[in-house]
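The structure appears right after this line, and notes come after that.
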Amino acid sequence: MATERRFDVNKPDDIAQIHQLLLDGCSLSDDEHFQDDDPQSPAPGPSNLVPEVLEEDHDTDAEEEIEEREENSDTSQSDSEASTDCDDDELVFVCHHKKGKKVIDSISWKKIPLPSKKRGTHNLLRRLPGPIGQGKGTKTFFESWACLFDDSMLEMIVVFTNQYIEVIQPNYSRPRDAKKTNKTEIKAFIGLLYIAGIHKSGKLNLADLWASDGFGIEIFRLTMGINRFRFLLMAVRFDDRQTRAERKEQDRLAPIRDIFEKFVKNCQVCYHVGEDVTIDEKLEGFRGRCNFIQYIPSKPAKYGIKIFATVSDSGVFYTCNMEIYAGKQPEGPFQASNKPVDVVQRMVTPLRNSGRNITADNWFSDTTLLHTLSRNYGLSYVGTLKKNKWQIPKEMKDLKNREAYSSMFAFSKNGTMVSYVPQNKKNKKNVLLISSMHMDGVIDEESGDKKKPEMITYYNHHKIGVDMVDKMSGAYNAL
């Protein structure tokens with residue numbers, strides 16, 4: 001075991017030995033370290049040469065610290081910055097954003113991974129995923145449902161439904177045909193809707209569900225009469241109709257705003273989601289009167305209300321945040337940008353600084369998200385990328401000399417971009433992804449001859465979160 005030798009600048013013999021070592025041109029060995037036992041005392045004589053070594057080491061440490069902080073800087077650079085960082089043109093992709101002939105922005109990508117340094121954390125959760133709060137003590141299906149659809153929401157429905165019943169009661173000759181409802185009856189009404197969805201009865205005549213000839217479903221007849229069910233289906237309300245007109249001047253979602261936000265809040269306080277989260281759009285089938293109904297042919301319902309959803313894909317597929325797309329809102333507190341980048345930032349707000357990774361498709365993806373989510377939200381991001389983004393190097397779009405199952409990578413301080421060519425004999429195409437989670441161009445060995453990058457394997461595994469929620473919720477759709 002090597003012994004450590006120490007020098008004391010207050011001792012003349014030690015000073016003489018240090019001076020002799022310097023004059024002889026010898027450096028201290030690995031086992032010999034200079035240490036001033038009294039840092040406050042001045043170093044007399046030739047010992048003032050020694051602190052130069054310490055100052056040089058201090059400068060090196062400061063330089064490394066600055067380089068680490070630069071990793072969080074934006075990828076967007078001016079032409080002068082790009083040329084400074086990238087002296088060798090053969091090792092750099094340079095992209096220019098032009099407006100006419102004028103270059104208004106530029107970005108450079110390295111062709112080789114950046115030196116390994118301390119990077120931002122991702123997938124490092126402070127709490128394990130699972131039920132929390134009221135959700136932690138649930139044992140039955142109804143208890144779980146009551147955590148999300150609590151008594152306060154049921155009471156809102158009862159109050160506002162009875163308010164509307166009072167208005168329409170004069171239209172009925174018999175009071176029993178338009179009597180007020182209560183919380184127990186509303187629970188039974190919602191339960192029948194669930195059962196109708198399970199039996200795929202959305203397009204059946206209600207009389208078929210209440211039929212007593214053996215083809216109906218007995219629980220419908222035992223719960224309530226068909227006329228009462230039809231009445232509640234027509235009368236149920238979720239907001240104060242007396243103030244609705246005033247609220248709709250600022251909010252197109254006024255009829256369901258309060259109860260929807262309560263439901264979303266309950267989703268967030270009852271369960272702690274895992275480290276992998278997906279953002280995507282889902283379509284709730286609806287063909288009623290609504291001025292922001294969407295038509296999305298790729299969705300099972302095709303017509304309905306579009307909802308942006310944040311879903312944990314850790315096998316549970318739990319929805320932790322939702323936002324209804326209401327088009328362009330009037331000026332006021334509910335007006336918000338519908339740009340994809342802004343939608344993503346609103347959807348991940350409850351997950352701020354949680355160390356999770358966000359996965360999304362090319363409608364949401366932008367290279368600026370890598371920096372924004374990492375710096376402002378403490379999150380990493382993986383997503384496909386549209387080919388019309390100016391930040392994509394032209395070399396990564398050119399497929400003339402590209403072979404099937406080949407990958408081309410580009411690296412920056414904020415993340416990695418990959419261009420992967422799957423086998424397609426007729427129309428050669430490529431897939432573009434960006435990631436702030438994968439900083440190296442690693443190929444997934446388990447993909448075999450397809451040589452898929454780990455970025456693509458990860459994306460394919462986690463992107464199904466919202467699609468699975470759509471499939472599961474569709475099992476209970478009564479429309």
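Just so we're on the same page: first chain in the structure tokens is A, next is B, and so on; residues restart at 1 for each chain, and ligands are numbered from 1 in the order they show up.
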
Find the residues around Asn227 (chain A) up to 12 Å (only C-alpha atoms counted), leave out those fewer than 2 positions away in its own chain, and share them as a PDB file with all heavy atoms, in the first residue's frame.
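Result file is around-v9.pdb:
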```
ATOM      1  N   ARG A 176     -96.404  12.216 -11.704  1.00  0.00           N
ATOM      2  CA  ARG A 176     -95.481  11.083 -11.567  1.00  0.00           C
ATOM      3  C   ARG A 176     -94.633  10.862 -12.806  1.00  0.00           C
ATOM      4  O   ARG A 176     -93.600  10.199 -12.741  1.00  0.00           O
ATOM      5  CB  ARG A 176     -96.270   9.821 -11.252  1.00  0.00           C
ATOM      6  CG  ARG A 176     -97.156   9.332 -12.394  1.00  0.00           C
ATOM      7  CD  ARG A 176     -97.858   8.057 -12.014  1.00  0.00           C
ATOM      8  NE  ARG A 176     -98.625   7.505 -13.135  1.00  0.00           N
ATOM      9  CZ  ARG A 176     -99.334   6.371 -13.064  1.00  0.00           C
ATOM     10  NH1 ARG A 176     -99.374   5.697 -11.925  1.00  0.00           N
ATOM     11  NH2 ARG A 176     -99.989   5.926 -14.117  1.00  0.00           N
ATOM     12  N   ASP A 177     -95.090  11.399 -13.949  1.00  0.00           N
ATOM     13  CA  ASP A 177     -94.300  11.243 -15.178  1.00  0.00           C
ATOM     14  C   ASP A 177     -93.102  12.183 -15.219  1.00  0.00           C
ATOM     15  O   ASP A 177     -92.207  12.001 -16.048  1.00  0.00           O
ATOM     16  CB  ASP A 177     -95.185  11.492 -16.407  1.00  0.00           C
ATOM     17  CG  ASP A 177     -96.243  10.429 -16.584  1.00  0.00           C
ATOM     18  OD1 ASP A 177     -96.016   9.303 -16.088  1.00  0.00           O
ATOM     19  OD2 ASP A 177     -97.285  10.702 -17.205  1.00  0.00           O
ATOM     20  N   ALA A 178     -93.074  13.182 -14.330  1.00  0.00           N
ATOM     21  CA  ALA A 178     -91.974  14.155 -14.317  1.00  0.00           C
ATOM     22  C   ALA A 178     -91.556  14.457 -12.888  1.00  0.00           C
ATOM     23  O   ALA A 178     -91.302  15.608 -12.529  1.00  0.00           O
ATOM     24  CB  ALA A 178     -92.379  15.423 -15.045  1.00  0.00           C
ATOM     25  N   LEU A 206     -84.741   0.782 -27.235  1.00  0.00           N
ATOM     26  CA  LEU A 206     -84.832   0.577 -25.792  1.00  0.00           C
ATOM     27  C   LEU A 206     -85.863  -0.490 -25.430  1.00  0.00           C
ATOM     28  O   LEU A 206     -85.707  -1.208 -24.443  1.00  0.00           O
ATOM     29  CB  LEU A 206     -85.199   1.897 -25.097  1.00  0.00           C
ATOM     30  CG  LEU A 206     -84.093   2.947 -25.005  1.00  0.00           C
ATOM     31  CD1 LEU A 206     -84.609   4.184 -24.285  1.00  0.00           C
ATOM     32  CD2 LEU A 206     -82.877   2.391 -24.300  1.00  0.00           C
ATOM     33  N   ALA A 207     -86.884  -0.592 -26.240  1.00  0.00           N
ATOM     34  CA  ALA A 207     -87.925  -1.599 -25.955  1.00  0.00           C
ATOM     35  C   ALA A 207     -87.346  -3.010 -25.988  1.00  0.00           C
ATOM     36  O   ALA A 207     -87.831  -3.897 -25.277  1.00  0.00           O
ATOM     37  CB  ALA A 207     -89.063  -1.470 -26.974  1.00  0.00           C
ATOM     38  N   TRP A 210     -85.898  -3.819 -22.550  1.00  0.00           N
ATOM     39  CA  TRP A 210     -86.916  -4.012 -21.504  1.00  0.00           C
ATOM     40  C   TRP A 210     -87.928  -5.112 -21.871  1.00  0.00           C
ATOM     41  O   TRP A 210     -88.890  -5.328 -21.158  1.00  0.00           O
ATOM     42  CB  TRP A 210     -87.665  -2.710 -21.259  1.00  0.00           C
ATOM     43  CG  TRP A 210     -87.085  -1.873 -20.146  1.00  0.00           C
ATOM     44  CD1 TRP A 210     -87.494  -1.846 -18.859  1.00  0.00           C
ATOM     45  CD2 TRP A 210     -86.014  -0.940 -20.228  1.00  0.00           C
ATOM     46  NE1 TRP A 210     -86.750  -0.966 -18.122  1.00  0.00           N
ATOM     47  CE2 TRP A 210     -85.821  -0.379 -18.948  1.00  0.00           C
ATOM     48  CE3 TRP A 210     -85.181  -0.514 -21.271  1.00  0.00           C
ATOM     49  CZ2 TRP A 210     -84.854   0.575 -18.679  1.00  0.00           C
ATOM     50  CZ3 TRP A 210     -84.230   0.441 -20.985  1.00  0.00           C
ATOM     51  CH2 TRP A 210     -84.055   0.961 -19.712  1.00  0.00           C
ATOM     52  N   PHE A 220     -82.721  -4.561 -16.478  1.00  0.00           N
ATOM     53  CA  PHE A 220     -83.310  -3.276 -16.869  1.00  0.00           C
ATOM     54  C   PHE A 220     -84.722  -3.138 -16.308  1.00  0.00           C
ATOM     55  O   PHE A 220     -85.085  -2.096 -15.758  1.00  0.00           O
ATOM     56  CB  PHE A 220     -83.305  -3.137 -18.394  1.00  0.00           C
ATOM     57  CG  PHE A 220     -81.966  -2.798 -18.972  1.00  0.00           C
ATOM     58  CD1 PHE A 220     -81.038  -3.786 -19.259  1.00  0.00           C
ATOM     59  CD2 PHE A 220     -81.615  -1.489 -19.219  1.00  0.00           C
ATOM     60  CE1 PHE A 220     -79.795  -3.478 -19.788  1.00  0.00           C
ATOM     61  CE2 PHE A 220     -80.376  -1.158 -19.754  1.00  0.00           C
ATOM     62  CZ  PHE A 220     -79.462  -2.161 -20.035  1.00  0.00           C
ATOM     63  N   ARG A 221     -85.525  -4.190 -16.456  1.00  0.00           N
ATOM     64  CA  ARG A 221     -86.907  -4.145 -15.971  1.00  0.00           C
ATOM     65  C   ARG A 221     -86.959  -4.064 -14.456  1.00  0.00           C
ATOM     66  O   ARG A 221     -87.848  -3.425 -13.893  1.00  0.00           O
ATOM     67  CB  ARG A 221     -87.681  -5.379 -16.443  1.00  0.00           C
ATOM     68  CG  ARG A 221     -87.752  -5.530 -17.942  1.00  0.00           C
ATOM     69  CD  ARG A 221     -88.811  -6.563 -18.331  1.00  0.00           C
ATOM     70  NE  ARG A 221     -88.635  -7.836 -17.647  1.00  0.00           N
ATOM     71  CZ  ARG A 221     -87.833  -8.813 -18.072  1.00  0.00           C
ATOM     72  NH1 ARG A 221     -87.126  -8.648 -19.183  1.00  0.00           N
ATOM     73  NH2 ARG A 221     -87.726  -9.958 -17.398  1.00  0.00           N
ATOM     74  N   MET A 224     -85.673  -0.018 -13.183  1.00  0.00           N
ATOM     75  CA  MET A 224     -86.651   1.074 -13.380  1.00  0.00           C
ATOM     76  C   MET A 224     -87.425   0.823 -14.654  1.00  0.00           C
ATOM     77  O   MET A 224     -87.009   0.033 -15.518  1.00  0.00           O
ATOM     78  CB  MET A 224     -85.950   2.442 -13.441  1.00  0.00           C
ATOM     79  CG  MET A 224     -85.062   2.667 -14.642  1.00  0.00           C
ATOM     80  SD  MET A 224     -84.358   4.341 -14.705  1.00  0.00           S
ATOM     81  CE  MET A 224     -83.316   4.365 -13.257  1.00  0.00           C
ATOM     82  N   GLY A 225     -88.569   1.506 -14.781  1.00  0.00           N
ATOM     83  CA  GLY A 225     -89.381   1.359 -15.974  1.00  0.00           C
ATOM     84  C   GLY A 225     -88.755   2.040 -17.173  1.00  0.00           C
ATOM     85  O   GLY A 225     -87.945   2.966 -17.042  1.00  0.00           O
ATOM     86  N   PHE A 229     -86.649   5.701 -17.547  1.00  0.00           N
ATOM     87  CA  PHE A 229     -85.295   5.742 -18.107  1.00  0.00           C
ATOM     88  C   PHE A 229     -85.239   6.747 -19.259  1.00  0.00           C
ATOM     89  O   PHE A 229     -84.300   7.539 -19.350  1.00  0.00           O
ATOM     90  CB  PHE A 229     -84.888   4.359 -18.590  1.00  0.00           C
ATOM     91  CG  PHE A 229     -83.486   4.294 -19.136  1.00  0.00           C
ATOM     92  CD1 PHE A 229     -82.404   4.105 -18.298  1.00  0.00           C
ATOM     93  CD2 PHE A 229     -83.252   4.411 -20.502  1.00  0.00           C
ATOM     94  CE1 PHE A 229     -81.115   4.040 -18.792  1.00  0.00           C
ATOM     95  CE2 PHE A 229     -81.962   4.356 -21.010  1.00  0.00           C
ATOM     96  CZ  PHE A 229     -80.891   4.168 -20.156  1.00  0.00           C
ATOM     97  N   ARG A 230     -86.245   6.726 -20.124  1.00  0.00           N
ATOM     98  CA  ARG A 230     -86.282   7.675 -21.233  1.00  0.00           C
ATOM     99  C   ARG A 230     -86.364   9.111 -20.726  1.00  0.00           C
ATOM    100  O   ARG A 230     -85.731  10.017 -21.272  1.00  0.00           O
ATOM    101  CB  ARG A 230     -87.481   7.366 -22.131  1.00  0.00           C
ATOM    102  CG  ARG A 230     -87.286   6.160 -23.040  1.00  0.00           C
ATOM    103  CD  ARG A 230     -88.570   5.813 -23.768  1.00  0.00           C
ATOM    104  NE  ARG A 230     -88.354   4.773 -24.777  1.00  0.00           N
ATOM    105  CZ  ARG A 230     -89.325   4.097 -25.351  1.00  0.00           C
ATOM    106  NH1 ARG A 230     -90.611   4.330 -25.009  1.00  0.00           N
ATOM    107  NH2 ARG A 230     -89.043   3.177 -26.265  1.00  0.00           N
ATOM    108  N   PHE A 231     -87.133   9.322 -19.659  1.00  0.00           N
ATOM    109  CA  PHE A 231     -87.280  10.665 -19.103  1.00  0.00           C
ATOM    110  C   PHE A 231     -85.939  11.165 -18.553  1.00  0.00           C
ATOM    111  O   PHE A 231     -85.528  12.301 -18.818  1.00  0.00           O
ATOM    112  CB  PHE A 231     -88.342  10.654 -17.998  1.00  0.00           C
ATOM    113  CG  PHE A 231     -88.502  11.979 -17.311  1.00  0.00           C
ATOM    114  CD1 PHE A 231     -89.249  12.992 -17.890  1.00  0.00           C
ATOM    115  CD2 PHE A 231     -87.894  12.211 -16.075  1.00  0.00           C
ATOM    116  CE1 PHE A 231     -89.395  14.218 -17.252  1.00  0.00           C
ATOM    117  CE2 PHE A 231     -88.032  13.427 -15.435  1.00  0.00           C
ATOM    118  CZ  PHE A 231     -88.784  14.441 -16.035  1.00  0.00           C
ATOM    119  N   LEU A 232     -85.258  10.329 -17.787  1.00  0.00           N
ATOM    120  CA  LEU A 232     -83.958  10.738 -17.241  1.00  0.00           C
ATOM    121  C   LEU A 232     -82.924  10.954 -18.340  1.00  0.00           C
ATOM    122  O   LEU A 232     -82.091  11.868 -18.253  1.00  0.00           O
ATOM    123  CB  LEU A 232     -83.452   9.674 -16.253  1.00  0.00           C
ATOM    124  CG  LEU A 232     -84.216   9.543 -14.935  1.00  0.00           C
ATOM    125  CD1 LEU A 232     -83.656   8.392 -14.109  1.00  0.00           C
ATOM    126  CD2 LEU A 232     -84.152  10.844 -14.143  1.00  0.00           C
ATOM    127  N   LEU A 233     -82.983  10.130 -19.377  1.00  0.00           N
ATOM    128  CA  LEU A 233     -82.055  10.285 -20.495  1.00  0.00           C
ATOM    129  C   LEU A 233     -82.235  11.640 -21.164  1.00  0.00           C
ATOM    130  O   LEU A 233     -81.269  12.242 -21.640  1.00  0.00           O
ATOM    131  CB  LEU A 233     -82.278   9.154 -21.504  1.00  0.00           C
ATOM    132  CG  LEU A 233     -81.187   8.924 -22.560  1.00  0.00           C
ATOM    133  CD1 LEU A 233     -79.876   8.526 -21.903  1.00  0.00           C
ATOM    134  CD2 LEU A 233     -81.625   7.850 -23.543  1.00  0.00           C
ATOM    135  N   MET A 234     -83.444  12.130 -21.171  1.00  0.00           N
ATOM    136  CA  MET A 234     -83.737  13.440 -21.758  1.00  0.00           C
ATOM    137  C   MET A 234     -83.457  14.584 -20.794  1.00  0.00           C
ATOM    138  O   MET A 234     -83.039  15.670 -21.204  1.00  0.00           O
ATOM    139  CB  MET A 234     -85.204  13.461 -22.201  1.00  0.00           C
ATOM    140  CG  MET A 234     -85.700  14.783 -22.748  1.00  0.00           C
ATOM    141  SD  MET A 234     -86.355  15.910 -21.483  1.00  0.00           S
ATOM    142  CE  MET A 234     -87.665  14.930 -20.782  1.00  0.00           C
TER     143      MET A 234
END
```

Please provide the set of residues having any atom within 6 Å of region 267-283 of chain A, restricted to only C-alpha atoms, with same-chain residues fewer than 6 positions apart removed, written as a count of residues only.
26

Nearest residue to Met322 (chain A) from the set A:Pro350, A:Pro340, A:Pro453, A:Pro115 (distances using only C-alpha atoms)
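Going through A:Pro350, A:Pro340, A:Pro453, A:Pro115 one by one, the smallest distance to Met322 (chain A) is for A:Pro350.
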
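Shell of region 327-330 of chain A at 12 Å, with only C-alpha atoms counted and residues fewer than 2 places along the chain excluded, is Arg247, Lys248, Glu249, Gln250, Asp251, Arg252, Leu253, Ala254, Cys290, Asn291, Phe292, Ile293, Gln294, Ile305, Lys306, Ile307, Glu323, Ile324, Tyr325, Gly332, Pro333, Phe334, Gln335, Ala336, Ser337, Asn338 and Lys339 of chain A.
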
Could the residues of region 312-409 of chain A that have an atom at most 6 Å from region 430-438 of chain A be listed as a Markdown table, each with its closest atom pair and the distance in Å to one decimal, counting only C-alpha atoms and ordered by chain and ascending residue number?
```
| residue | atom | partner | partner_atom | distance |
| --- | --- | --- | --- | --- |
| A:Leu370 | CA | A:Ser436 | CA | 5.7 |
| A:Ser380 | CA | A:Ser436 | CA | 5.4 |
| A:Tyr381 | CA | A:Ser436 | CA | 5.5 |
| A:Val382 | CA | A:Ser435 | CA | 4.3 |
| A:Gly383 | CA | A:Leu433 | CA | 5.6 |
| A:Thr384 | CA | A:Leu433 | CA | 4.2 |
| A:Leu385 | CA | A:Leu432 | CA | 5.3 |
```

Expected file: the selected residues, C-alpha atoms, as a short mmCIF file (atom, residue, chain, number, x, y, z; two decimals), in the first residue's frame:
```cif
data_model
loop_
_atom_site.label_atom_id
_atom_site.label_comp_id
_atom_site.auth_asym_id
_atom_site.auth_seq_id
_atom_site.Cartn_x
_atom_site.Cartn_y
_atom_site.Cartn_z
CA LEU A 370 -36.58 18.16 -26.10
CA SER A 380 -37.57 13.38 -21.24
CA TYR A 381 -39.32 12.89 -24.59
CA VAL A 382 -39.48 10.29 -27.36
CA GLY A 383 -41.58 10.79 -30.48
CA THR A 384 -41.85 10.45 -34.24
CA LEU A 385 -41.18 13.52 -36.33
#
```

Taking only C-alpha atoms into account, name the residue in A:Glu445, A:Lys452, A:Thr349, A:Asn388 that is nearest to Ser406 (chain A).
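Using only C-alpha atoms, the shortest distance to Ser406 (chain A) belongs to A:Lys452.
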
In region 141-365 of chain A, what's strand (DSSP E) per DSSP? Answer as a ChimeraX atom specification?
/A:271-272,276-285,294-295,303-312,318-324,357-360

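With distances restricted to only C-alpha atoms, A:Phe93 is the closest residue to Lys110 (chain A) from A:Asp240, A:Asn477, A:Ile259, A:Phe93.
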
Please provide the set of residues having any atom within 12 Å of Lys428 (chain A), restricted to only C-alpha atoms, with same-chain residues fewer than 4 positions apart removed, written as a list in words.
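After dropping sequence-adjacent residues, the list is Lys397, Asp398, Leu399, Lys400, Asn401, Arg402, Glu403, Ala404, Tyr405, Ser406, Tyr420, Val421, Pro422, Gln423 and Asn424 of chain A.
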
Save the residues we just selected, all heavy atoms, as a CSV table (one decimal), in the first residue's frame?
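What landed in result21.csv:
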```csv
chain,number,residue,atom,x,y,z
A,397,LYS,N,-33.0,13.0,-44.9
A,397,LYS,CA,-34.2,12.8,-45.8
A,397,LYS,C,-33.9,12.1,-47.1
A,397,LYS,O,-34.7,11.5,-47.8
A,397,LYS,CB,-34.9,14.1,-46.1
A,397,LYS,CG,-35.3,14.9,-44.8
A,397,LYS,CD,-35.9,16.2,-45.2
A,397,LYS,CE,-36.3,17.1,-44.1
A,397,LYS,NZ,-36.8,18.4,-44.4
A,398,ASP,N,-32.6,12.2,-47.5
A,398,ASP,CA,-32.2,11.6,-48.8
A,398,ASP,C,-32.1,10.1,-48.7
A,398,ASP,O,-31.3,9.6,-47.9
A,398,ASP,CB,-30.8,12.2,-49.2
A,398,ASP,CG,-30.4,11.8,-50.6
A,398,ASP,OD1,-31.2,11.2,-51.3
A,398,ASP,OD2,-29.3,12.1,-51.0
A,399,LEU,N,-32.8,9.4,-49.5
A,399,LEU,CA,-32.9,7.9,-49.4
A,399,LEU,C,-32.2,7.2,-50.6
A,399,LEU,O,-32.3,6.0,-50.7
A,399,LEU,CB,-34.3,7.4,-49.3
A,399,LEU,CG,-35.1,8.0,-48.1
A,399,LEU,CD1,-36.5,7.5,-48.1
A,399,LEU,CD2,-34.4,7.8,-46.8
A,400,LYS,N,-31.6,8.0,-51.5
A,400,LYS,CA,-31.1,7.4,-52.7
A,400,LYS,C,-30.0,6.3,-52.5
A,400,LYS,O,-30.1,5.2,-53.1
A,400,LYS,CB,-30.4,8.5,-53.6
A,400,LYS,CG,-31.4,9.5,-54.1
A,400,LYS,CD,-30.7,10.5,-55.0
A,400,LYS,CE,-31.7,11.5,-55.6
A,400,LYS,NZ,-31.1,12.5,-56.4
A,401,ASN,N,-29.1,6.5,-51.6
A,401,ASN,CA,-28.1,5.5,-51.3
A,401,ASN,C,-28.3,4.8,-50.0
A,401,ASN,O,-27.3,4.2,-49.5
A,401,ASN,CB,-26.7,6.2,-51.4
A,401,ASN,CG,-26.4,6.9,-52.7
A,401,ASN,OD1,-26.7,6.3,-53.7
A,401,ASN,ND2,-25.8,8.0,-52.7
A,402,ARG,N,-29.5,4.8,-49.5
A,402,ARG,CA,-29.7,4.2,-48.2
A,402,ARG,C,-30.2,2.7,-48.4
A,402,ARG,O,-31.0,2.4,-49.3
A,402,ARG,CB,-30.8,4.9,-47.4
A,402,ARG,CG,-30.4,6.4,-47.1
A,402,ARG,CD,-29.5,6.4,-45.9
A,402,ARG,NE,-30.1,5.8,-44.7
A,402,ARG,CZ,-30.9,6.4,-43.9
A,402,ARG,NH1,-31.2,7.7,-44.1
A,402,ARG,NH2,-31.4,5.8,-42.8
A,403,GLU,N,-29.7,1.8,-47.6
A,403,GLU,CA,-30.0,0.4,-47.7
A,403,GLU,C,-31.2,0.1,-46.7
A,403,GLU,O,-31.4,0.9,-45.7
A,403,GLU,CB,-28.8,-0.5,-47.3
A,403,GLU,CG,-27.7,-0.4,-48.3
A,403,GLU,CD,-26.5,-1.3,-47.9
A,403,GLU,OE1,-26.6,-1.9,-46.8
A,403,GLU,OE2,-25.6,-1.3,-48.7
A,404,ALA,N,-31.9,-0.9,-46.9
A,404,ALA,CA,-33.0,-1.3,-46.0
A,404,ALA,C,-32.4,-1.6,-44.6
A,404,ALA,O,-31.3,-2.2,-44.5
A,404,ALA,CB,-33.7,-2.5,-46.6
A,405,TYR,N,-33.1,-1.3,-43.6
A,405,TYR,CA,-32.7,-1.5,-42.2
A,405,TYR,C,-31.5,-0.7,-41.8
A,405,TYR,O,-30.7,-1.2,-40.9
A,405,TYR,CB,-32.5,-3.0,-41.9
A,405,TYR,CG,-33.7,-3.9,-42.3
A,405,TYR,CD1,-33.5,-5.1,-43.0
A,405,TYR,CD2,-35.0,-3.5,-42.0
A,405,TYR,CE1,-34.6,-5.9,-43.4
A,405,TYR,CE2,-36.1,-4.3,-42.4
A,405,TYR,CZ,-35.9,-5.5,-43.1
A,405,TYR,OH,-36.9,-6.2,-43.5
A,406,SER,N,-31.2,0.4,-42.5
A,406,SER,CA,-30.1,1.2,-42.1
A,406,SER,C,-30.6,2.4,-41.3
A,406,SER,O,-31.7,2.8,-41.4
A,406,SER,CB,-29.4,1.7,-43.4
A,406,SER,OG,-30.2,2.6,-44.1
A,420,TYR,N,-34.5,6.0,-39.9
A,420,TYR,CA,-34.4,4.6,-40.1
A,420,TYR,C,-35.2,4.2,-41.3
A,420,TYR,O,-36.3,4.6,-41.5
A,420,TYR,CB,-35.0,3.9,-38.8
A,420,TYR,CG,-35.1,2.4,-39.0
A,420,TYR,CD1,-34.0,1.6,-38.9
A,420,TYR,CD2,-36.4,1.8,-39.1
A,420,TYR,CE1,-34.1,0.2,-39.0
A,420,TYR,CE2,-36.5,0.4,-39.2
A,420,TYR,CZ,-35.4,-0.4,-39.2
A,420,TYR,OH,-35.5,-1.8,-39.3
A,421,VAL,N,-34.6,3.3,-42.1
A,421,VAL,CA,-35.2,2.9,-43.4
A,421,VAL,C,-35.7,1.4,-43.2
A,421,VAL,O,-34.9,0.5,-43.2
A,421,VAL,CB,-34.2,2.9,-44.6
A,421,VAL,CG1,-34.9,2.5,-45.9
A,421,VAL,CG2,-33.7,4.4,-44.7
A,422,PRO,N,-37.0,1.2,-43.1
A,422,PRO,CA,-37.5,-0.1,-43.0
A,422,PRO,C,-37.6,-0.7,-44.5
A,422,PRO,O,-37.5,0.0,-45.4
A,422,PRO,CB,-39.0,0.0,-42.5
A,422,PRO,CG,-39.4,1.4,-42.9
A,422,PRO,CD,-38.1,2.2,-42.9
A,423,GLN,N,-37.7,-2.0,-44.6
A,423,GLN,CA,-37.7,-2.7,-45.9
A,423,GLN,C,-39.0,-2.3,-46.6
A,423,GLN,O,-40.1,-2.6,-46.1
A,423,GLN,CB,-37.6,-4.2,-45.7
A,423,GLN,CG,-37.4,-4.9,-47.1
A,423,GLN,CD,-37.2,-6.4,-46.9
A,423,GLN,OE1,-37.6,-7.0,-45.9
A,423,GLN,NE2,-36.7,-7.0,-47.9
A,424,ASN,N,-38.9,-1.7,-47.7
A,424,ASN,CA,-40.1,-1.4,-48.6
A,424,ASN,C,-39.6,-1.4,-50.0
A,424,ASN,O,-39.0,-0.4,-50.5
A,424,ASN,CB,-40.7,-0.1,-48.2
A,424,ASN,CG,-42.0,0.2,-48.8
A,424,ASN,OD1,-42.3,-0.3,-49.9
A,424,ASN,ND2,-42.9,0.9,-48.1
```
